[in-house]
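> For reference, the structure I am asking about is given below.
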Amino acid sequence: MVLRKWIYLILILVWGGTALNAKSIFKLRDLLHTKDYKEFSYRIKRIGRPWRSYRPRQLKNLALVLTKRKRFAEAYLVYGKLMMTFHKREYREVRRMLELKKKIRGKLTRPFLNTLLAQSQLLFEIYKQNYHRYKPGQMRKARRKFYRQVNLLQVLDEKNEDRLDELEEALEAFEEEEKRKRQKGHYVIRLGQRMYKGKLHLIRESDDSDNLLISSARVMDFGLAYEVQNYYFSYHFAFHYMYGAAGVQSEQTNISYFQDGVGVGAYAFIPGTMWKFNGGRTAFGLEFPLMFRQGNFTAPTGFKFKNTFRYGIGLSLISRWMFGSHFGLEFSFGRMTSMESSLWHLGMLYGF
Amino acid sequence: MLKALFFLFIGILLNRSFLAYPNFIGHGYSACLTCHYNPYGNGPLNDYGRAVSAVAISGRWFAPGTSDEELGKSSNFLMGKGDLPKWFKPSANYRGLFLRTNPGRETEESQWINMMANVNAVMRLGEKDKYIIVASAGYAPKPLSDENGIHKTYRSREHYLGLRPNTNMGAYIGLMDKVYGIRHPDHIAYGRILTENTMNDQTYAIMGHFNYGRFETGLQYFFGNLTQDAALRQKGYSFKGEFLVDSETKVGLSLLSSASTFLENFNYALHMKKGFGKGFSLMMELGQANKTAPLRNSEFASRYAFIQSHFMLARGLYYMTTVEYMMPDTELTDYVMRVSPGFQFFPMQRLEGRVEVTNTRNFSETSVVQDRWTIMGQLHLWF
């Protein structure tokens with residue numbers, strides 16, 4: 001019995017009492033086998049022995065093992081317990097500084113600062129791990145928590161400034177990459193006006209002579225587009241139907257021809273790509289319209305039109321401004337084959 | 001016709017002084033007074049405006065490692081090295097324009113025009129620029145239409161006294177621009193021509209400027225340019241009221257009523273400036289100009305629209321598009337539209353360039369005419 005007491009005493013002196021309570025050690029290990037965060041946090045609150053009976057090294061090891069197993073939230077909790085238990089003074093001082101905006105009394109120890117840094121790294125890992133699961137509010141909260149911790153450490157720990165900067169940069173890089181990867185498809189309705197000038201050939205039947213006419217059309221434009229986008233780019237494919245009126249006049253002086261209010265119609269397939277700025281509030285890009293158009297031009301007696309149905313392909317520069325998440329304005333300017341001059345489009349859009 | 005077109009185009013940007021434009025709402029600057037001595041923009045920049053143009057707007061294409069502090073310090077006259085008194089702020093600027101009309105056609109013409117070479121001086125008296133005296137004068141090209149040599153090659157477009165007891169109100173008296181519409185730099189815009197607010201339409205005036213929270217208002221009584229014949233001088237008043245909806249959106253209303261012996265004007269416009277994040281903006285102005293010639297007993301109204309957007313592709317480089325609409329007579333259905341895509345760039349402080357292609361199209365019930373094309377390149381230096 002006496003010998004047993006001595007052995008206990010030696011163990012207490014050497015291991016700080018931790019080894020004595022095999023039950024407690026088992027509980028710490030057992031934490032690794034919890035099935036989820038909920039169970040982990042439940043168990044950690046109900047550990048039988050006071051936290052002080054463990055060694056800081058044990059808690060740190062537990063946190064490292066949890067980190068290795070990608071159980072970042074649990075590891076974060078363990079580091080929290082470690083600080084509250086073994087760095088009570090520093091922990092209180094930091095809280096006092098944050099809550100009462102008072103200066104820290106005394107010096108903060110390196111182990112405490114290292115634990116805070118480890119927690120910051122874990123917050124980044126937690127953010128990465130849950131990025132796709134977060135609701136917008138949760139994401140904002142997690143981001144805020146990370147930056148709060150990093151900003152705090154930047155004030156407290158000048159030695160690790162570079163590592164903190166790297167951490168911040170890593171978060172930004174991760175977010176950028178995620179935004180780039182995230183693809184989303186949606187439909188867009190477009191309504192506007194399109195203006196173009198066409199060339200027409202009026203053939204004199206008696207001698208087959210060719211007379212060039214120019215038409216100027218203003219058409220209402222209805223379009224439906226399917227757009228796939230990530231944070232930085234969008235790709236769309238649109239079908240447009242247009243109808244309106246045109247004026248047509250002879251370009252040459254040898255004949256006199258003028259008609260106004262001629263009914264014209266067109267349809268177009270328009271693929272395009274846009275470079276998005278500020279999360280899509282504005283965008284700028286290129287469209288490649290393939291357009292088929294028809295006009296009810298009437299030829300005078302003795303003449304016939306060579307082509308009242310024309311098609312052409314082209315290239316347009318397109319700009320977009322979004323007022324809110326659904327409604328926006330668009331403007332495009334470009335050139336097309338078989339057209340006399342530039343092609344303009346000014347319109348509104350609604351994205352679903 | 002070509003001469004008339006030429007005359008129109010030489011005025012482009014003619015009265016753009018220095019580097020603080022209304023599209024900088026996209027950089028968070030919604031009020032002109034932040035960067036200019038004149039609360040409605042134009043004219044010399046204050047020290048803050050010069051620093052902003054150097055640090056936040058201009059690129060660092062030729063000196064990538066320069067810090068903001070260095071740029072800010074060197075943004076002043078003589079690179080900030082001159083030992084000038086604080087109350088005296090001199091400056092100088094130059095604008096040149098390369099203009100090619102009807103490119104690719106037989107009638108193609110190219111030329112270089114020295115649009116402006118000005119010296120400016122601001123005297124600041126009292127604390128926080130409570131009293132200011134602003135003057136600017138210099139070279140101004142003769143319009144091609146001036147075959148008889150009536151116009152001089154020098155001109156003062158601005159000289160006025162300002163009293164600003166606090167940031168909320170100010171009073172100004174002297175030669176200045178009329179308070180009307182968005183004071184964008186394109187003085188050749190239809191909205192500027194129809195409302196007679198182009199590069200040479202400054203007037204002697206008394207102006208009051210007031211800020212009340214989100215409201216900004218200006219009221220001006222003007223009595224014409226005293227260098228003109230008395231019968232031609234337009235006398236009247238103008239008003240401009242703007243409301244800052246949020247930090248990036250400003251909407252407003254402008255009114256102008258004036259009369260001379262031969263012509264009466266009544267103009268009104270709705271306008272909006274909106275930022276879409278850093279360096280991105282959209283400006284719109286829709287207006288009508290009503291003109292009455294009392295001696296001839298005739299009257300007509302014209303309508304216009306001006307839309308201009310800026311996309312900041314990189315620091316100091318903007319892609320811009322201007323779309324304009326003009327209906328010269330509202331009783332007719334004819335109208336003109338003009339589209340000008342282009343690039344504006346500020347490779348370093350004190351240097352601005354602009355390259356634009358302008359396509360003008362007439363819509364008429366009585367004729368179909370060829371589009372007009374113009375290529376413009378502009379160089380702007382300031383010191």
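Every chain in the structure tokens has a letter given in the order shown (A, B, ...), and although residue numbers restart at 1 in each chain, ligands are simply numbered from 1 in the order shown.
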List every residue of chain A that has an atom at most 10 Å from any atom of chain B, giving for each one its closest atom pair and the distance in Å to one decimal, counting only C-alpha atoms, sorted by chain and then by ascending residue number, as CSV.

```
residue,atom,partner,partner_atom,distance
A:Met195,CA,B:Arg361,CA,9.7
A:Tyr196,CA,B:Arg361,CA,9.8
A:Lys197,CA,B:Asp371,CA,9.0
A:Leu213,CA,B:Val368,CA,9.5
A:Ile214,CA,B:Val368,CA,7.1
A:Ser215,CA,B:Val368,CA,7.0
A:Ser216,CA,B:Val368,CA,6.6
A:Ala217,CA,B:Phe363,CA,9.0
A:Arg218,CA,B:Phe363,CA,8.9
A:Ala246,CA,B:Val368,CA,9.4
A:Gly247,CA,B:Val368,CA,6.4
A:Val248,CA,B:Val368,CA,6.2
A:Gln249,CA,B:Val368,CA,5.6
A:Ser250,CA,B:Val368,CA,8.4
A:Glu251,CA,B:Val369,CA,8.3
A:Phe258,CA,B:Ser367,CA,7.2
A:Gln259,CA,B:Thr366,CA,8.5
A:Asp260,CA,B:Glu365,CA,6.2
A:Gly261,CA,B:Glu365,CA,8.0
A:Phe277,CA,B:Gly277,CA,8.2
A:Asn278,CA,B:Gly277,CA,6.1
A:Gly279,CA,B:Gly277,CA,9.4
A:Gly280,CA,B:Phe276,CA,9.5
A:Arg281,CA,B:Phe276,CA,6.1
A:Thr282,CA,B:Phe276,CA,6.7
A:Ala283,CA,B:Phe311,CA,8.5
A:Phe284,CA,B:Phe311,CA,8.0
A:Leu317,CA,B:Pro341,CA,9.1
A:Ser319,CA,B:Thr321,CA,8.6
A:Arg320,CA,B:Ser309,CA,9.7
A:Trp321,CA,B:Phe276,CA,7.8
A:Met322,CA,B:Phe276,CA,8.4
A:Phe323,CA,B:Phe276,CA,9.0
A:Phe331,CA,B:Thr321,CA,8.9
A:Ser332,CA,B:Thr321,CA,9.6
A:Phe333,CA,B:Pro341,CA,8.1
A:Glu340,CA,B:Gln370,CA,8.7
A:Ser341,CA,B:Asp371,CA,7.1
A:Ser342,CA,B:Asn359,CA,8.0
A:Trp344,CA,B:Val339,CA,8.5
A:Leu346,CA,B:Val323,CA,9.4
```
> Taking the backbone alone, and naming residues the way the document does, which bits of stretch 166-349 of chain A are strand (DSSP E or B) by DSSP, as a ChimeraX atom specification?
/A:184-204,210-229,233-250,258-277,282-287,290-295,303-305,309-323,327-336,339,342-349
> Filtering to C-alpha atoms, could you give me those residues as a compact mmCIF listing (two decimals), in the first residue's frame?

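Once everything was written out, this is selection-v3.txt:
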```
# COMPACT_ATOMS: atom_id res chain seq x y z
CA LYS A 184 -23.87 29.20 -62.85
CA GLY A 185 -26.33 29.06 -65.71
CA HIS A 186 -29.39 31.26 -66.11
CA TYR A 187 -31.76 32.69 -68.70
CA VAL A 188 -31.78 36.34 -69.73
CA ILE A 189 -34.49 38.23 -71.58
CA ARG A 190 -33.28 41.11 -73.74
CA LEU A 191 -35.40 43.89 -75.17
CA GLY A 192 -34.12 46.83 -77.15
CA GLN A 193 -33.60 48.55 -80.43
CA ARG A 194 -31.12 47.57 -83.11
CA MET A 195 -29.98 49.87 -85.91
CA TYR A 196 -28.14 48.84 -89.03
CA LYS A 197 -27.53 49.82 -92.63
CA GLY A 198 -27.80 47.30 -95.43
CA LYS A 199 -26.76 47.19 -99.08
CA LEU A 200 -29.29 46.30 -101.78
CA HIS A 201 -28.77 45.69 -105.47
CA LEU A 202 -31.52 46.91 -107.80
CA ILE A 203 -31.12 45.30 -111.22
CA ARG A 204 -32.50 46.93 -114.37
CA ASP A 210 -26.59 46.92 -111.07
CA ASN A 211 -27.65 49.90 -108.95
CA LEU A 212 -26.57 50.07 -105.34
CA LEU A 213 -29.13 51.12 -102.73
CA ILE A 214 -28.59 51.73 -99.05
CA SER A 215 -31.20 50.87 -96.45
CA SER A 216 -31.26 52.19 -92.93
CA ALA A 217 -33.27 50.06 -90.50
CA ARG A 218 -34.52 50.60 -86.97
CA VAL A 219 -35.92 47.42 -85.47
CA MET A 220 -37.37 46.32 -82.16
CA ASP A 221 -35.28 43.50 -80.81
CA PHE A 222 -36.49 40.64 -78.59
CA GLY A 223 -33.94 38.14 -77.38
CA LEU A 224 -33.65 35.16 -75.11
CA ALA A 225 -30.20 34.16 -73.97
CA TYR A 226 -28.77 31.37 -71.87
CA GLU A 227 -25.79 32.55 -69.92
CA VAL A 228 -23.18 30.55 -68.02
CA GLN A 229 -21.04 32.60 -65.71
CA PHE A 233 -16.48 35.72 -66.97
CA SER A 234 -19.74 34.88 -68.65
CA TYR A 235 -20.55 33.07 -71.88
CA HIS A 236 -23.90 33.39 -73.54
CA PHE A 237 -25.83 32.15 -76.49
CA ALA A 238 -28.82 34.20 -77.56
CA PHE A 239 -31.59 33.96 -80.08
CA HIS A 240 -33.02 37.30 -81.24
CA TYR A 241 -36.05 38.18 -83.28
CA MET A 242 -36.34 41.70 -84.74
CA TYR A 243 -38.93 43.62 -86.69
CA GLY A 244 -39.30 47.24 -87.69
CA ALA A 245 -39.05 49.65 -90.57
CA ALA A 246 -36.35 50.82 -92.94
CA GLY A 247 -35.75 53.62 -95.37
CA VAL A 248 -33.98 52.87 -98.62
CA GLN A 249 -32.34 55.21 -101.10
CA SER A 250 -30.22 54.97 -104.20
CA PHE A 258 -36.45 56.29 -102.23
CA GLN A 259 -38.80 54.34 -100.00
CA ASP A 260 -39.55 54.85 -96.32
CA GLY A 261 -41.35 52.72 -93.76
CA VAL A 262 -40.56 49.43 -95.50
CA GLY A 263 -41.26 46.48 -93.22
CA VAL A 264 -38.10 44.59 -92.28
CA GLY A 265 -37.51 41.61 -90.06
CA ALA A 266 -34.51 39.64 -88.91
CA TYR A 267 -33.43 36.89 -86.62
CA ALA A 268 -30.02 36.31 -85.18
CA PHE A 269 -28.00 33.77 -83.24
CA ILE A 270 -25.58 35.58 -81.01
CA PRO A 271 -22.90 33.80 -79.01
CA GLY A 272 -20.77 36.00 -76.85
CA THR A 273 -18.40 36.22 -73.95
CA MET A 274 -18.04 38.95 -71.35
CA TRP A 275 -15.44 39.99 -68.86
CA LYS A 276 -17.21 40.84 -65.61
CA PHE A 277 -16.13 43.55 -63.21
CA THR A 282 -20.59 45.90 -65.14
CA ALA A 283 -19.34 43.71 -67.95
CA PHE A 284 -17.59 44.22 -71.23
CA GLY A 285 -17.01 41.72 -74.01
CA LEU A 286 -17.47 40.45 -77.50
CA GLU A 287 -20.42 39.05 -79.43
CA LEU A 290 -24.98 35.54 -87.18
CA MET A 291 -27.91 37.49 -88.59
CA PHE A 292 -30.52 36.72 -91.25
CA ARG A 293 -32.65 39.61 -92.44
CA GLN A 294 -35.46 40.21 -94.88
CA GLY A 295 -37.13 43.38 -96.23
CA PHE A 303 -36.39 46.54 -112.12
CA LYS A 304 -35.94 43.65 -109.73
CA PHE A 305 -34.05 43.22 -106.48
CA PHE A 309 -32.92 38.25 -97.96
CA ARG A 310 -29.39 38.59 -96.65
CA TYR A 311 -27.29 37.05 -93.95
CA GLY A 312 -24.02 37.99 -92.40
CA ILE A 313 -21.65 37.34 -89.54
CA GLY A 314 -19.96 39.99 -87.49
CA LEU A 315 -18.23 41.14 -84.36
CA SER A 316 -19.59 43.53 -81.72
CA LEU A 317 -18.21 45.11 -78.60
CA ILE A 318 -20.79 44.85 -75.85
CA SER A 319 -21.04 46.73 -72.55
CA ARG A 320 -23.44 45.97 -69.72
CA TRP A 321 -24.48 47.79 -66.55
CA MET A 322 -26.54 46.00 -63.90
CA PHE A 323 -28.91 47.93 -61.64
CA PHE A 327 -32.21 44.39 -64.29
CA GLY A 328 -29.60 45.98 -66.52
CA LEU A 329 -28.78 48.01 -69.62
CA GLU A 330 -26.72 46.89 -72.58
CA PHE A 331 -25.09 48.56 -75.52
CA SER A 332 -23.25 46.96 -78.39
CA PHE A 333 -21.42 48.36 -81.38
CA GLY A 334 -19.92 46.34 -84.22
CA ARG A 335 -19.54 45.48 -87.87
CA MET A 336 -21.12 42.74 -89.98
CA MET A 339 -23.88 45.56 -94.04
CA SER A 342 -21.99 49.63 -88.15
CA LEU A 343 -24.54 47.66 -86.15
CA TRP A 344 -25.86 49.25 -82.96
CA HIS A 345 -27.89 47.75 -80.19
CA LEU A 346 -29.25 49.59 -77.18
CA GLY A 347 -31.45 47.68 -74.78
CA MET A 348 -32.51 46.41 -71.41
CA LEU A 349 -32.17 42.96 -69.95
```
> When distances are computed from only C-alpha atoms, which of B:Tyr37, B:Trp382, B:Phe98, B:Tyr268 shows the smallest separation from B:Lys128?
B:Tyr37
> Give the answer as one residue: which of B:Asn148, B:Arg60, B:Asp129, B:Asp83 has the shortest atom-to-atom distance to B:Asn46, using only C-alpha atoms?
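Checking each candidate against B:Asn46, we get B:Asp129 as the closest.
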> Of the candidates A:Tyr147, A:Leu167, A:Leu113, A:Ala75, which shows the shortest atom-to-atom distance to A:Val94, using only C-alpha atoms?
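Smallest distance to A:Val94 is found for A:Leu113.
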> Write out as a ChimeraX atom specification the residues lying within 10 Å of A:Leu62, counting only C-alpha atoms and excluding same-chain residues fewer than 4 positions away.
/A:28-29,31-32,56-58,66-68,74-75,78-79
> Those residues with N, CA, C and O atoms, as a PDB file, in the first residue's frame please?

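Output below, filename selection29.pdb:
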```pdb
ATOM      1  N   LEU A  28      -9.769  11.877 -23.586  1.00  0.00           N
ATOM      2  CA  LEU A  28      -9.157  12.719 -24.614  1.00  0.00           C
ATOM      3  C   LEU A  28      -9.022  11.960 -25.921  1.00  0.00           C
ATOM      4  O   LEU A  28      -9.310  12.468 -26.983  1.00  0.00           O
ATOM      5  N   ARG A  29      -8.550  10.718 -25.804  1.00  0.00           N
ATOM      6  CA  ARG A  29      -8.415   9.910 -27.020  1.00  0.00           C
ATOM      7  C   ARG A  29      -9.772   9.624 -27.633  1.00  0.00           C
ATOM      8  O   ARG A  29      -9.932   9.591 -28.845  1.00  0.00           O
ATOM      9  N   LEU A  31     -12.147  11.382 -27.712  1.00  0.00           N
ATOM     10  CA  LEU A  31     -12.670  12.533 -28.478  1.00  0.00           C
ATOM     11  C   LEU A  31     -12.391  12.387 -29.979  1.00  0.00           C
ATOM     12  O   LEU A  31     -13.126  12.869 -30.820  1.00  0.00           O
ATOM     13  N   LEU A  32     -11.312  11.694 -30.255  1.00  0.00           N
ATOM     14  CA  LEU A  32     -10.955  11.497 -31.669  1.00  0.00           C
ATOM     15  C   LEU A  32     -11.971  10.610 -32.385  1.00  0.00           C
ATOM     16  O   LEU A  32     -12.063  10.630 -33.606  1.00  0.00           O
ATOM     17  N   PRO A  56      -0.427  20.844 -21.168  1.00  0.00           N
ATOM     18  CA  PRO A  56      -0.682  21.606 -22.400  1.00  0.00           C
ATOM     19  C   PRO A  56      -0.260  20.825 -23.642  1.00  0.00           C
ATOM     20  O   PRO A  56      -0.915  20.853 -24.664  1.00  0.00           O
ATOM     21  N   ARG A  57       0.854  20.080 -23.514  1.00  0.00           N
ATOM     22  CA  ARG A  57       1.364  19.304 -24.642  1.00  0.00           C
ATOM     23  C   ARG A  57       0.312  18.303 -25.142  1.00  0.00           C
ATOM     24  O   ARG A  57       0.152  18.103 -26.340  1.00  0.00           O
ATOM     25  N   GLN A  58      -0.430  17.717 -24.142  1.00  0.00           N
ATOM     26  CA  GLN A  58      -1.440  16.721 -24.516  1.00  0.00           C
ATOM     27  C   GLN A  58      -2.552  17.361 -25.348  1.00  0.00           C
ATOM     28  O   GLN A  58      -2.985  16.828 -26.365  1.00  0.00           O
ATOM     29  N   LEU A  66      -6.238  16.202 -34.538  1.00  0.00           N
ATOM     30  CA  LEU A  66      -7.534  16.604 -35.128  1.00  0.00           C
ATOM     31  C   LEU A  66      -7.306  17.382 -36.431  1.00  0.00           C
ATOM     32  O   LEU A  66      -8.020  17.193 -37.411  1.00  0.00           O
ATOM     33  N   THR A  67      -6.295  18.237 -36.413  1.00  0.00           N
ATOM     34  CA  THR A  67      -5.999  19.011 -37.627  1.00  0.00           C
ATOM     35  C   THR A  67      -5.604  18.074 -38.758  1.00  0.00           C
ATOM     36  O   THR A  67      -6.038  18.235 -39.894  1.00  0.00           O
ATOM     37  N   LYS A  68      -4.779  17.089 -38.438  1.00  0.00           N
ATOM     38  CA  LYS A  68      -4.342  16.125 -39.441  1.00  0.00           C
ATOM     39  C   LYS A  68      -5.525  15.364 -40.018  1.00  0.00           C
ATOM     40  O   LYS A  68      -5.535  15.007 -41.195  1.00  0.00           O
ATOM     41  N   GLU A  74     -13.029  21.143 -34.506  1.00  0.00           N
ATOM     42  CA  GLU A  74     -12.753  20.513 -33.216  1.00  0.00           C
ATOM     43  C   GLU A  74     -11.378  20.958 -32.696  1.00  0.00           C
ATOM     44  O   GLU A  74     -11.214  21.263 -31.512  1.00  0.00           O
ATOM     45  N   ALA A  75     -10.416  20.987 -33.614  1.00  0.00           N
ATOM     46  CA  ALA A  75      -9.063  21.416 -33.217  1.00  0.00           C
ATOM     47  C   ALA A  75      -9.098  22.850 -32.687  1.00  0.00           C
ATOM     48  O   ALA A  75      -8.427  23.184 -31.709  1.00  0.00           O
ATOM     49  N   VAL A  78     -10.249  22.839 -29.149  1.00  0.00           N
ATOM     50  CA  VAL A  78      -9.224  22.350 -28.221  1.00  0.00           C
ATOM     51  C   VAL A  78      -8.202  23.454 -27.936  1.00  0.00           C
ATOM     52  O   VAL A  78      -7.815  23.674 -26.787  1.00  0.00           O
ATOM     53  N   TYR A  79      -7.812  24.176 -28.987  1.00  0.00           N
ATOM     54  CA  TYR A  79      -6.877  25.289 -28.768  1.00  0.00           C
ATOM     55  C   TYR A  79      -7.510  26.350 -27.857  1.00  0.00           C
ATOM     56  O   TYR A  79      -6.821  26.955 -27.028  1.00  0.00           O
TER      57      TYR A  79
END
```
> Please indicate the distance in Å from atom CA of A:Lys107 to atom CA of A:Glu90, rounded to one decimal place.
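Between atom CA of A:Lys107 and atom CA of A:Glu90 the gap is 8.1 Å.
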